[in-house]
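query-v1.cif, holding mmCIF, C-alpha atoms and all ligand atoms:
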```cif
data_data
#
loop_
_atom_site.label_atom_id
_atom_site.label_comp_id
_atom_site.auth_asym_id
_atom_site.auth_seq_id
_atom_site.Cartn_x
_atom_site.Cartn_y
_atom_site.Cartn_z
CA MET C 722 9.55 -39.84 14.23
CA SER C 723 7.22 -36.88 14.20
CA ARG C 724 8.32 -34.33 16.71
CA ARG C 725 4.83 -32.84 17.03
CA SER C 726 1.33 -34.02 16.16
CA LEU C 727 -2.06 -32.34 15.94
CA ALA C 728 -5.50 -33.85 15.44
CA PHE C 729 -8.65 -32.07 14.29
CA ASN C 730 -12.17 -32.91 13.26
CA PHE C 731 -13.62 -30.81 10.48
CA GLY C 732 -17.36 -31.50 10.63
CA GLY C 733 -16.96 -35.27 10.84
CA PHE C 734 -13.78 -35.42 8.74
CA PRO C 735 -10.74 -36.09 10.93
CA GLN C 736 -7.35 -34.67 10.01
CA ASP C 737 -4.07 -35.69 11.67
CA ILE C 738 -1.04 -33.47 11.22
CA ARG C 739 2.59 -34.46 11.76
CA ILE C 740 5.32 -31.85 12.03
CA ARG C 741 8.68 -33.47 11.40
CA GLY C 742 12.13 -32.81 9.95
CA PRO C 743 12.49 -34.85 6.76
CA VAL C 744 9.95 -35.91 4.12
CA PRO C 745 8.26 -39.10 5.40
CA PRO C 746 9.02 -42.41 3.66
CA LEU C 747 6.12 -44.19 1.96
CA ALA C 748 6.27 -47.09 4.44
CA LEU C 749 5.60 -44.69 7.33
CA ILE C 750 2.66 -43.04 5.54
CA LEU C 751 1.04 -46.42 4.83
CA GLU C 752 1.65 -47.58 8.38
CA GLU C 753 0.03 -44.43 9.78
CA PHE C 754 -2.98 -44.81 7.49
CA GLU C 755 -3.40 -48.35 8.72
CA ALA C 756 -3.17 -47.20 12.33
CA LEU C 757 -5.69 -44.41 11.77
CA SER C 758 -8.25 -46.16 9.62
CA GLY C 759 -7.72 -49.85 10.21
CA ASP C 760 -6.71 -50.73 6.69
CA ARG C 761 -3.68 -50.16 4.51
CA PRO C 762 -4.20 -48.53 1.11
CA PRO C 763 -3.19 -51.22 -1.43
CA THR C 764 -2.10 -48.77 -4.13
CA PHE C 765 -1.09 -45.13 -4.29
CA LEU C 766 -0.36 -42.26 -6.68
CA LEU C 767 2.28 -39.66 -5.92
CA ILE C 768 1.47 -36.17 -7.21
CA CYS C 769 4.16 -33.48 -7.33
CA ASP C 770 5.41 -30.72 -9.61
CA GLU C 771 8.65 -30.38 -11.53
CA HIS C 772 10.39 -28.66 -8.58
CA THR C 773 9.20 -31.04 -5.88
CA LEU C 774 9.90 -34.22 -7.86
CA PRO C 775 13.24 -34.81 -6.02
CA LEU C 776 11.36 -34.63 -2.69
CA ALA C 777 8.63 -36.93 -3.96
CA ARG C 778 11.28 -39.42 -4.99
CA THR C 779 12.81 -39.41 -1.51
CA LEU C 780 9.33 -40.31 -0.29
CA SER C 781 9.10 -43.18 -2.76
CA PRO C 782 11.80 -43.81 -5.40
CA LEU C 783 9.48 -46.13 -7.28
CA GLY C 784 5.77 -46.26 -7.95
CA PRO C 785 3.38 -44.24 -10.08
CA CYS C 786 4.06 -40.50 -10.01
CA CYS C 787 2.19 -37.70 -11.75
CA VAL C 788 4.53 -34.74 -12.30
CA LEU C 789 2.68 -31.47 -12.95
CA ALA C 790 4.00 -28.23 -14.41
CA SER C 791 4.61 -25.87 -11.48
CA GLY C 792 2.98 -22.54 -10.70
CA GLU C 793 -0.41 -20.89 -10.42
CA ALA C 794 -0.72 -20.65 -14.22
CA ASN C 795 -0.97 -24.45 -14.27
CA LYS C 796 -3.57 -24.74 -11.51
CA ASN C 797 -6.25 -25.64 -14.02
CA TRP C 798 -8.62 -28.32 -15.21
CA ALA C 799 -5.98 -29.80 -17.55
CA ALA C 800 -3.82 -30.57 -14.50
CA VAL C 801 -6.77 -32.21 -12.71
CA GLU C 802 -7.40 -34.32 -15.79
CA ARG C 803 -3.72 -35.39 -15.85
CA ILE C 804 -3.95 -36.58 -12.25
CA ILE C 805 -7.15 -38.51 -12.91
CA ALA C 806 -5.66 -40.07 -16.07
CA ALA C 807 -2.49 -41.08 -14.18
CA ALA C 808 -4.60 -42.67 -11.44
CA ALA C 809 -6.68 -44.61 -13.96
CA GLU C 810 -3.57 -45.72 -15.84
CA ALA C 811 -1.99 -46.96 -12.60
CA GLY C 812 -5.16 -48.95 -11.90
CA LEU C 813 -6.07 -47.13 -8.68
CA GLY C 814 -9.36 -48.11 -7.08
CA ARG C 815 -11.62 -46.52 -4.47
CA ASP C 816 -9.47 -47.86 -1.63
CA SER C 817 -6.32 -46.21 -3.02
CA LEU C 818 -4.36 -43.26 -1.74
CA PHE C 819 -3.34 -40.00 -3.39
CA ILE C 820 -0.18 -38.47 -1.92
CA ALA C 821 0.33 -34.80 -2.79
CA CYS C 822 3.98 -33.76 -2.38
CA GLY C 823 4.44 -30.05 -3.06
CA GLY C 824 3.20 -26.56 -2.30
CA GLY C 825 -0.33 -25.19 -2.28
CA VAL C 826 -0.84 -25.58 -6.01
CA VAL C 827 -0.12 -29.32 -5.87
CA SER C 828 -2.22 -29.88 -2.72
CA ASP C 829 -5.19 -27.90 -4.10
CA LEU C 830 -5.10 -29.84 -7.38
CA ALA C 831 -4.45 -33.27 -5.87
CA GLY C 832 -7.11 -32.63 -3.23
CA PHE C 833 -9.69 -31.78 -5.85
CA ALA C 834 -8.76 -34.80 -7.97
CA ALA C 835 -8.91 -37.06 -4.87
CA SER C 836 -12.39 -35.76 -4.06
CA VAL C 837 -13.80 -36.71 -7.47
CA TYR C 838 -11.73 -39.73 -8.58
CA MET C 839 -14.15 -42.68 -8.25
CA ARG C 840 -16.27 -40.38 -6.04
CA GLY C 841 -13.47 -39.93 -3.54
CA VAL C 842 -10.22 -41.68 -2.58
CA ARG C 843 -7.97 -41.27 0.43
CA LEU C 844 -5.65 -38.30 0.56
CA CYS C 845 -2.34 -37.45 2.23
CA ASN C 846 -0.67 -34.04 1.91
CA VAL C 847 3.10 -33.79 2.26
CA SER C 848 3.53 -30.06 2.21
CA THR C 849 6.88 -28.70 1.00
CA SER C 850 6.35 -24.92 0.84
CA LEU C 851 6.08 -22.59 3.82
CA LEU C 852 2.72 -21.30 2.60
CA GLY C 853 1.52 -24.89 2.25
CA MET C 854 2.68 -25.78 5.77
CA VAL C 855 1.03 -22.84 7.49
CA ASP C 856 -2.09 -22.62 5.33
CA ALA C 857 -2.81 -24.42 2.04
CA ALA C 858 -2.27 -28.05 3.07
CA LEU C 859 -4.47 -27.65 6.16
CA GLY C 860 -8.22 -27.49 6.56
CA GLY C 861 -9.82 -29.04 3.53
CA LYS C 862 -10.34 -26.54 0.74
CA THR C 863 -9.31 -27.86 -2.66
CA GLY C 864 -9.69 -26.29 -6.06
CA PHE C 865 -8.36 -24.91 -9.29
CA ASP C 866 -8.62 -21.75 -11.37
CA LEU C 867 -11.21 -21.62 -14.13
CA LEU C 868 -12.50 -19.01 -16.60
CA GLY C 869 -9.76 -16.64 -15.42
CA LEU C 870 -10.99 -16.75 -11.82
CA LYS C 871 -8.90 -18.05 -8.95
CA ASN C 872 -10.29 -21.15 -7.21
CA LEU C 873 -13.60 -20.89 -9.08
CA ALA C 874 -14.07 -24.66 -8.89
CA GLY C 875 -13.35 -26.61 -5.73
CA THR C 876 -14.51 -28.89 -2.96
CA PHE C 877 -14.17 -29.28 0.79
CA TYR C 878 -12.14 -32.48 1.15
CA PRO C 879 -9.71 -32.59 4.08
CA ALA C 880 -6.64 -34.80 3.69
CA ARG C 881 -6.80 -37.54 6.33
CA LEU C 882 -3.11 -37.16 7.08
CA VAL C 883 -0.88 -34.12 6.60
CA TYR C 884 2.92 -34.05 6.96
CA LEU C 885 4.79 -30.79 7.43
CA PRO C 886 8.46 -31.79 6.87
CA VAL C 887 10.25 -28.58 7.76
CA GLU C 888 13.63 -29.72 6.36
CA SER C 889 12.14 -29.85 2.85
CA LEU C 890 12.13 -26.03 2.98
CA ARG C 891 15.92 -26.03 2.44
CA THR C 892 15.38 -25.95 -1.32
CA LEU C 893 12.47 -23.47 -1.29
CA PRO C 894 13.39 -20.34 -3.33
CA PRO C 895 13.75 -17.06 -1.33
CA ALA C 896 10.68 -15.48 -2.98
CA GLU C 897 8.55 -18.43 -1.81
CA TRP C 898 9.92 -18.09 1.71
CA LYS C 899 8.85 -14.47 1.67
CA SER C 900 5.40 -15.40 0.47
CA GLY C 901 4.91 -17.99 3.23
CA PHE C 902 6.51 -15.96 6.01
CA ALA C 903 3.95 -13.18 5.59
CA GLU C 904 1.14 -15.67 6.32
CA LEU C 905 3.13 -16.89 9.29
CA ILE C 906 3.34 -13.33 10.67
CA LYS C 907 -0.39 -12.85 10.03
CA THR C 908 -1.20 -16.01 12.01
CA ALA C 909 1.10 -14.97 14.85
CA VAL C 910 -0.71 -11.61 15.07
CA LEU C 911 -4.01 -13.51 15.38
CA ASP C 912 -2.71 -16.10 17.84
CA GLY C 913 -1.09 -13.86 20.42
CA GLU C 914 2.05 -12.60 22.09
CA ASP C 915 4.02 -15.87 22.53
CA PHE C 916 3.82 -16.79 18.86
CA PHE C 917 4.58 -13.22 17.77
CA ARG C 918 7.64 -13.04 20.03
CA LEU C 919 8.85 -16.36 18.60
CA LEU C 920 8.71 -14.95 15.06
CA GLU C 921 10.72 -11.93 16.12
CA THR C 922 13.58 -14.39 16.77
CA ILE C 923 13.45 -16.33 13.46
CA PRO C 924 15.06 -15.18 10.22
CA GLY C 925 12.49 -15.01 7.42
CA GLY C 926 14.35 -17.26 4.98
CA PRO C 927 16.31 -20.50 4.59
CA GLU C 928 18.77 -19.19 7.25
CA ALA C 929 16.08 -20.28 9.71
CA LEU C 930 17.16 -23.85 8.94
CA GLN C 931 20.92 -23.31 8.84
CA ASP C 932 21.73 -23.37 12.51
CA PRO C 933 19.15 -25.41 14.38
CA GLU C 934 21.37 -25.43 17.49
CA ALA C 935 21.29 -21.66 17.79
CA LEU C 936 17.57 -21.60 17.16
CA GLU C 937 16.75 -24.33 19.62
CA GLY C 938 14.00 -23.23 21.99
CA PRO C 939 12.32 -25.03 24.87
CA GLU C 940 9.90 -26.76 22.46
CA GLY C 941 12.45 -27.66 19.75
CA PRO C 942 13.76 -25.75 16.73
CA ALA C 943 12.06 -22.38 16.49
CA LEU C 944 10.89 -22.70 12.88
CA GLU C 945 9.28 -26.06 13.60
CA GLU C 946 7.60 -24.54 16.64
CA ALA C 947 6.28 -21.67 14.49
CA VAL C 948 4.88 -24.07 11.86
CA TYR C 949 3.29 -26.09 14.67
CA ARG C 950 1.64 -23.01 16.17
CA ALA C 951 0.35 -21.82 12.79
CA ALA C 952 -1.10 -25.25 11.98
CA ALA C 953 -2.68 -25.43 15.44
CA TYR C 954 -4.27 -21.99 15.02
CA LYS C 955 -5.66 -22.72 11.56
CA GLY C 956 -6.95 -26.13 12.66
CA ARG C 957 -8.81 -24.62 15.62
CA ILE C 958 -10.45 -21.94 13.50
CA VAL C 959 -11.45 -24.38 10.73
CA GLU C 960 -12.86 -26.83 13.29
CA GLU C 961 -15.27 -24.09 14.42
CA ASP C 962 -16.52 -23.54 10.88
CA PRO C 963 -15.32 -26.25 8.45
CA ARG C 964 -17.40 -25.04 5.51
CA GLU C 965 -16.60 -21.37 5.93
CA THR C 966 -20.07 -20.06 6.59
CA GLY C 967 -18.89 -16.89 8.35
CA GLY C 968 -18.00 -16.01 11.91
CA ARG C 969 -14.50 -16.13 13.32
CA ARG C 970 -13.00 -17.94 10.33
CA ALA C 971 -12.96 -14.54 8.63
CA LEU C 972 -10.09 -13.66 10.99
CA LEU C 973 -7.80 -15.64 8.69
CA ASN C 974 -8.39 -12.87 6.15
CA LEU C 975 -6.51 -10.30 8.24
CA GLY C 976 -4.80 -7.95 5.79
CA HIS C 977 -6.34 -9.71 2.79
CA SER C 978 -8.79 -7.03 1.58
CA PHE C 979 -5.95 -4.56 1.08
CA ALA C 980 -3.80 -7.39 -0.31
CA HIS C 981 -6.37 -8.53 -2.90
CA ALA C 982 -6.95 -4.95 -4.06
CA LEU C 983 -3.18 -4.44 -4.40
CA GLU C 984 -2.72 -7.72 -6.30
CA SER C 985 -5.52 -7.07 -8.74
CA SER C 986 -4.75 -3.37 -9.31
CA ALA C 987 -1.03 -4.15 -9.85
CA GLY C 988 -1.96 -6.81 -12.41
CA LEU C 989 -2.09 -10.46 -11.37
CA GLY C 990 1.34 -12.01 -10.91
CA ARG C 991 3.26 -8.71 -10.50
CA ILE C 992 3.43 -9.06 -6.75
CA SER C 993 3.43 -12.25 -4.72
CA HIS C 994 0.40 -12.95 -2.55
CA GLY C 995 2.57 -12.98 0.58
CA GLU C 996 4.14 -9.61 -0.12
CA ALA C 997 0.66 -8.20 -0.72
CA VAL C 998 -0.55 -9.74 2.56
CA ALA C 999 2.37 -8.16 4.43
CA TRP C 1000 1.51 -4.75 3.01
CA GLY C 1001 -2.17 -5.36 3.80
CA LEU C 1002 -1.22 -6.23 7.37
CA ALA C 1003 0.57 -2.88 7.72
CA ARG C 1004 -2.56 -1.13 6.36
CA SER C 1005 -4.76 -3.04 8.85
CA CYS C 1006 -2.55 -1.77 11.66
CA GLU C 1007 -3.03 1.81 10.48
CA LEU C 1008 -6.77 1.29 10.15
CA GLY C 1009 -6.93 -0.21 13.64
CA LEU C 1010 -4.90 2.70 15.01
CA ALA C 1011 -7.20 5.25 13.35
CA LEU C 1012 -10.26 3.49 14.81
CA GLY C 1013 -8.69 3.28 18.29
CA ILE C 1014 -8.73 -0.56 18.25
CA THR C 1015 -5.05 -1.33 17.66
CA GLY C 1016 -2.65 0.02 20.26
CA ALA C 1017 0.28 2.12 19.03
CA GLU C 1018 2.90 -0.24 20.50
CA ARG C 1019 1.29 -3.30 18.91
CA ALA C 1020 0.97 -1.63 15.53
CA GLY C 1021 4.59 -0.48 15.80
CA ARG C 1022 5.89 -3.98 16.59
CA ILE C 1023 3.96 -5.61 13.75
CA THR C 1024 5.18 -3.04 11.23
CA ALA C 1025 8.75 -3.29 12.56
CA LEU C 1026 8.74 -7.10 12.14
CA LEU C 1027 7.39 -6.80 8.59
CA LYS C 1028 10.09 -4.24 7.73
CA ALA C 1029 12.82 -6.33 9.35
CA ARG C 1030 11.82 -9.29 7.16
CA GLY C 1031 12.08 -7.12 4.05
CA TYR C 1032 8.45 -6.33 3.24
CA GLU C 1033 7.18 -3.04 1.85
CA THR C 1034 5.00 -1.43 4.51
CA ALA C 1035 4.53 2.15 3.28
CA ALA C 1036 1.55 3.58 1.41
CA PRO C 1037 0.99 4.10 -1.40
CA HIS C 1038 2.59 0.85 -2.62
CA PRO C 1039 4.83 1.36 -5.68
CA LEU C 1040 2.84 -1.28 -7.61
CA MET C 1041 -0.60 0.01 -6.64
CA GLY C 1042 -2.64 0.58 -9.81
CA PRO C 1043 -5.34 3.23 -10.50
CA SER C 1044 -8.10 0.63 -9.99
CA PHE C 1045 -7.09 0.05 -6.35
CA MET C 1046 -10.11 1.67 -4.67
CA GLU C 1047 -12.52 -0.02 -7.09
CA ALA C 1048 -10.93 -3.38 -6.33
CA LEU C 1049 -11.20 -2.73 -2.59
CA LYS C 1050 -14.92 -2.00 -2.94
CA LYS C 1051 -15.43 -5.07 -5.16
CA ASP C 1052 -13.76 -7.33 -2.58
CA LYS C 1053 -16.24 -6.08 -0.01
CA LYS C 1054 -19.19 -6.68 -2.34
CA ASN C 1055 -17.99 -10.19 -3.25
CA ARG C 1056 -18.01 -11.18 0.38
CA GLY C 1057 -21.41 -9.65 1.06
CA GLY C 1058 -19.87 -6.78 3.02
CA ARG C 1059 -19.32 -8.97 6.07
CA GLY C 1060 -16.06 -9.61 7.86
CA VAL C 1061 -14.08 -7.79 5.23
CA PHE C 1062 -11.96 -5.54 7.39
CA ILE C 1063 -10.06 -7.06 10.25
CA VAL C 1064 -7.68 -5.14 12.47
CA PRO C 1065 -5.18 -6.23 15.13
CA ALA C 1066 -6.58 -5.88 18.64
CA ALA C 1067 -5.24 -6.72 22.09
CA GLY C 1068 -4.14 -10.39 22.04
CA GLY C 1069 -5.57 -11.08 18.57
CA ALA C 1070 -7.68 -9.29 16.00
CA GLU C 1071 -11.16 -7.88 15.61
CA ILE C 1072 -13.58 -8.23 12.70
CA LEU C 1073 -15.19 -4.85 11.97
CA ARG C 1074 -18.97 -5.12 11.77
CA GLU C 1075 -19.19 -2.20 9.39
CA ALA C 1076 -16.86 -1.25 6.60
CA PRO C 1077 -14.93 1.93 7.40
CA ALA C 1078 -15.82 5.13 5.55
CA GLU C 1079 -14.26 5.45 2.10
CA GLU C 1080 -12.51 8.68 3.09
CA LEU C 1081 -10.72 6.91 5.96
CA LEU C 1082 -9.67 4.06 3.67
CA ARG C 1083 -8.30 6.60 1.19
CA GLN C 1084 -6.23 8.19 3.96
CA ILE C 1085 -4.86 4.79 4.98
CA VAL C 1086 -3.76 3.84 1.46
CA LYS C 1087 -2.89 7.42 0.52
CA VAL C 1088 -5.14 7.65 -2.52
CA LYS C 1089 -6.81 11.02 -3.19
CA SER C 1090 -10.50 11.13 -4.12
N1 LIG B 1101 -6.60 -24.75 0.11
C1 LIG B 1101 -6.34 -23.74 0.91
O1 LIG B 1101 -6.87 -23.61 2.01
C2 LIG B 1101 -5.34 -22.72 0.45
C3 LIG B 1101 -4.90 -21.72 1.35
C4 LIG B 1101 -3.93 -20.82 0.91
C5 LIG B 1101 -3.43 -20.90 -0.38
N2 LIG B 1101 -3.89 -21.88 -1.23
C6 LIG B 1101 -3.38 -21.97 -2.59
O2 LIG B 1101 -1.99 -22.31 -2.51
C7 LIG B 1101 -1.35 -21.85 -3.69
C8 LIG B 1101 -0.05 -21.19 -3.31
O3 LIG B 1101 0.75 -22.12 -2.61
P1 LIG B 1101 2.34 -22.07 -2.70
O4 LIG B 1101 2.82 -20.72 -2.37
O5 LIG B 1101 2.86 -23.23 -1.94
O6 LIG B 1101 2.58 -22.20 -4.27
P2 LIG B 1101 3.21 -23.35 -5.17
O7 LIG B 1101 2.65 -24.67 -4.89
O8 LIG B 1101 3.14 -22.84 -6.57
O9 LIG B 1101 4.74 -23.37 -4.70
C9 LIG B 1101 5.56 -22.26 -4.97
C10 LIG B 1101 6.78 -22.67 -5.79
O10 LIG B 1101 7.71 -23.34 -4.94
C11 LIG B 1101 8.05 -24.61 -5.49
N3 LIG B 1101 8.32 -25.46 -4.35
C12 LIG B 1101 7.45 -25.91 -3.41
N4 LIG B 1101 8.10 -26.57 -2.46
C13 LIG B 1101 9.41 -26.55 -2.79
C14 LIG B 1101 10.61 -27.03 -2.17
N5 LIG B 1101 10.59 -27.63 -0.97
N6 LIG B 1101 11.78 -26.84 -2.81
C15 LIG B 1101 11.83 -26.18 -4.00
N7 LIG B 1101 10.76 -25.67 -4.62
C16 LIG B 1101 9.56 -25.85 -4.01
C17 LIG B 1101 6.88 -24.98 -6.36
O11 LIG B 1101 7.26 -25.92 -7.35
C18 LIG B 1101 6.50 -23.64 -6.93
O12 LIG B 1101 7.34 -23.34 -8.02
C19 LIG B 1101 -2.32 -20.90 -4.40
O13 LIG B 1101 -2.84 -21.54 -5.54
C20 LIG B 1101 -3.43 -20.69 -3.37
O14 LIG B 1101 -4.69 -20.49 -3.96
C21 LIG B 1101 -4.83 -22.77 -0.83
#
```

Please lay out the structure from this file as structure tokens.
Amino acid sequence: MSRRSLAFNFGGFPQDIRIRGPVPPLALILEEFEALSGDRPPTFLLICDEHTLPLARTLSPLGPCCVLASGEANKNWAAVERIIAAAAEAGLGRDSLFIACGGGVVSDLAGFAASVYMRGVRLCNVSTSLLGMVDAALGGKTGFDLLGLKNLAGTFYPARLVYLPVESLRTLPPAEWKSGFAELIKTAVLDGEDFFRLLETIPGGPEALQDPEALEGPEGPALEEAVYRAAAYKGRIVEEDPRETGGRRALLNLGHSFAHALESSAGLGRISHGEAVAWGLARSCELGLALGITGAERAGRITALLKARGYETAAPHPLMGPSFMEALKKDKKNRGGRGVFIVPAAGGAEILREAPAEELLRQIVKVKS
């Protein structure tokens, strides 16, 4: 049984989300599809990567399965082609179902393939990474990297049904926990005090699953509750603006301008996205403080939580490259200068209408002109 459910409508595309302990069995997924859409998909294709294959096989020990090479380096057209070829080989038709079982790379690839295979087949995401559960599997953005650019090709194609089986995180490597937990902290900052206080009680790694008794809160195990709150927040924001045309959806980019500049100036792959986001969040606090928008106590608590979970919060970052300021300016230009800088504010965050002066940004990141 799902312990928690959420339902959203992204511009006419409904998405149901189930937060549960274990990976769902195939029979349950098919039953839920039938209940939601009135007919049962006659055939399916499982899509996973080499690390999530054991989880995919608990979902369905038999049946066609496309196993991809793991990691961002393999989020490419060749992987999309492999999924499409596997679907064709298994004889899948337009009424079939793609089931993505893995982290954000698998769900982005499977989602894209589902959106183009025979002009669109049904899609279910079974998310197995923390980043996937709190971000990538939700909403509807799909895509893959092309011509050296991240997510250059993609579609909006929300999975009809999304499972967030928290127990699957037992095998997630510590570095991936760290990557996902930073996004969880970011979402808690946006959502408000209750969510933030909850995160202050949860360890930032697999220990969060070790002792469910001790972590039991009024709503159930604390990690499950945190995943639920993050999914609820993202769903609400995406519902307001499913095709990301601007407005409040930019809030989800809290900390990301600093993070992108750090990632690209360090050299792609030298720092995980989550660690960069955590550092960016600390910079956003300092920016908000300097502008008189973020209160000192709030900034202090956010930075303390980041430090307690093992993130680097000081500037300059040891991996920051000489192109940092250029990259920061480029990020702003790429997004048309709007909604680029977001800072924590009372009970949430605020999108700055105007980019802060370069001199102030230099002070925040401790880079001399
Ligand atoms: N579509 C969106 O809205 C959206 C949002 C955020 C991020 N993303 C994308 O998500 C991707 C990052 O997602 P990610 O961090 O999940 O990366 P990922 O899918 O590469 O997973 C990280 C690693 O953990 C492994 N893994 C996943 N679940 C596991 C488990 N339960 N046990 C053991 N190993 C497991 C994977 O095999 C991989 O090696 C990026 O490509 C990013 O662009 C998409």

Which residues sit within 7 Å of ligand LIG 1101 (chain B), counting all atoms listed in the file, listed as number ranges by chain? C: 770-773, 791-793, 796, 823-827, 829, 849-853, 856-863, 871-872, 889-894, 897, 900-901

CA of Thr876 in chain C to CA of Glu965 in chain C, straight-line distance in Å: 11.8 Å

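Distances to Met854 in chain C were evaluated for C:Glu914, C:Glu921, C:Glu753, C:Glu946 using only C-alpha atoms, and the minimum falls at C:Glu946.
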
Write out as a list in words each polymer residue whose atoms come within 7 Å of Gly742 in chain C, counting all atoms listed in the file; drop sequence neighbours fewer than 6 positions from it. Pro886, Val887 and Glu888 of chain C

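Taking CA of Pro1037 in chain C as the reference point, CA of Ala909 in chain C is found at 25.1 Å.
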
At a cut-off of 12 Å, using all atoms listed in the file, what residues contact Leu749 in chain C? Leave out same-chain residues fewer than 2 positions from it and give the result as a short mmCIF file (atom, residue, chain, number, x, y, z; two decimals) with C-alpha atoms, in the coordinates of the input.
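The resulting file, out_14.cif, is reproduced below:
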```
data_model
loop_
_atom_site.label_atom_id
_atom_site.label_comp_id
_atom_site.auth_asym_id
_atom_site.auth_seq_id
_atom_site.Cartn_x
_atom_site.Cartn_y
_atom_site.Cartn_z
CA MET C 722 9.55 -39.84 14.23
CA SER C 723 7.22 -36.88 14.20
CA ARG C 739 2.59 -34.46 11.76
CA VAL C 744 9.95 -35.91 4.12
CA PRO C 745 8.26 -39.10 5.40
CA PRO C 746 9.02 -42.41 3.66
CA LEU C 747 6.12 -44.19 1.96
CA LEU C 751 1.04 -46.42 4.83
CA GLU C 752 1.65 -47.58 8.38
CA GLU C 753 0.03 -44.43 9.78
CA PHE C 754 -2.98 -44.81 7.49
CA GLU C 755 -3.40 -48.35 8.72
CA ALA C 756 -3.17 -47.20 12.33
CA ARG C 761 -3.68 -50.16 4.51
CA LEU C 780 9.33 -40.31 -0.29
CA SER C 781 9.10 -43.18 -2.76
CA CYS C 845 -2.34 -37.45 2.23
CA LEU C 882 -3.11 -37.16 7.08
CA TYR C 884 2.92 -34.05 6.96
#
```

Long-range neighbours of range 1072-1086 of chain C as a list in words, 7 Å cut-off, all atoms listed in the file, 2 positions minimum in chain: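 Residues near the query, excluding close chain neighbours: Leu972, Arg1004, Glu1007, Leu1008, Ala1036, Pro1037, Arg1059, Gly1060, Phe1062, Ile1063, Val1064, Ala1070, Val1088 and Lys1089 of chain C.
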
For those residues, write C-alpha atoms to a file as an mmCIF file, keeping the file's coordinate frame.
```
data_model
loop_
_atom_site.group_PDB
_atom_site.id
_atom_site.type_symbol
_atom_site.label_atom_id
_atom_site.label_comp_id
_atom_site.auth_asym_id
_atom_site.auth_seq_id
_atom_site.Cartn_x
_atom_site.Cartn_y
_atom_site.Cartn_z
ATOM 1 C CA LEU C 972 -10.090 -13.660 10.990
ATOM 2 C CA ARG C 1004 -2.560 -1.130 6.360
ATOM 3 C CA GLU C 1007 -3.030 1.810 10.480
ATOM 4 C CA LEU C 1008 -6.770 1.290 10.150
ATOM 5 C CA ALA C 1036 1.550 3.580 1.410
ATOM 6 C CA PRO C 1037 0.990 4.100 -1.400
ATOM 7 C CA ARG C 1059 -19.320 -8.970 6.070
ATOM 8 C CA GLY C 1060 -16.060 -9.610 7.860
ATOM 9 C CA PHE C 1062 -11.960 -5.540 7.390
ATOM 10 C CA ILE C 1063 -10.060 -7.060 10.250
ATOM 11 C CA VAL C 1064 -7.680 -5.140 12.470
ATOM 12 C CA ALA C 1070 -7.680 -9.290 16.000
ATOM 13 C CA VAL C 1088 -5.140 7.650 -2.520
ATOM 14 C CA LYS C 1089 -6.810 11.020 -3.190
#
```

Let me make sure I understand: among C:Arg964, C:Arg1019, C:Arg724, C:Lys899, which one has the smallest atom-to-atom distance to Pro927 in chain C if we use only C-alpha atoms? C:Lys899

Will you model N, CA and C atoms for range 862-872 of chain C and pass it back as a short mmCIF file (atom, residue, chain, number, x, y, z; two decimals), in the frame of the given file?
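Writing done, so here's selection_13.cif:
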```cif
data_model
loop_
_atom_site.label_atom_id
_atom_site.label_comp_id
_atom_site.auth_asym_id
_atom_site.auth_seq_id
_atom_site.Cartn_x
_atom_site.Cartn_y
_atom_site.Cartn_z
N LYS C 862 -9.90 -27.15 2.01
CA LYS C 862 -10.34 -26.54 0.74
C LYS C 862 -9.43 -27.02 -0.39
N THR C 863 -10.06 -27.44 -1.47
CA THR C 863 -9.31 -27.86 -2.66
C THR C 863 -9.82 -27.00 -3.82
N GLY C 864 -9.12 -27.03 -4.93
CA GLY C 864 -9.69 -26.29 -6.06
C GLY C 864 -8.68 -25.98 -7.15
N PHE C 865 -9.21 -25.35 -8.18
CA PHE C 865 -8.36 -24.91 -9.29
C PHE C 865 -8.98 -23.69 -9.95
N ASP C 866 -8.17 -23.00 -10.74
CA ASP C 866 -8.62 -21.75 -11.37
C ASP C 866 -9.35 -22.09 -12.68
N LEU C 867 -10.39 -21.32 -12.95
CA LEU C 867 -11.21 -21.62 -14.13
C LEU C 867 -11.81 -20.31 -14.65
N LEU C 868 -11.93 -20.19 -15.96
CA LEU C 868 -12.50 -19.01 -16.60
C LEU C 868 -11.82 -17.72 -16.11
N GLY C 869 -10.53 -17.82 -15.85
CA GLY C 869 -9.76 -16.64 -15.42
C GLY C 869 -9.98 -16.28 -13.96
N LEU C 870 -10.72 -17.08 -13.24
CA LEU C 870 -10.99 -16.75 -11.82
C LEU C 870 -10.31 -17.76 -10.90
N LYS C 871 -9.65 -17.21 -9.88
CA LYS C 871 -8.90 -18.05 -8.95
C LYS C 871 -9.85 -18.93 -8.12
N ASN C 872 -9.53 -20.19 -8.04
CA ASN C 872 -10.29 -21.15 -7.21
C ASN C 872 -11.79 -21.13 -7.50
#
```
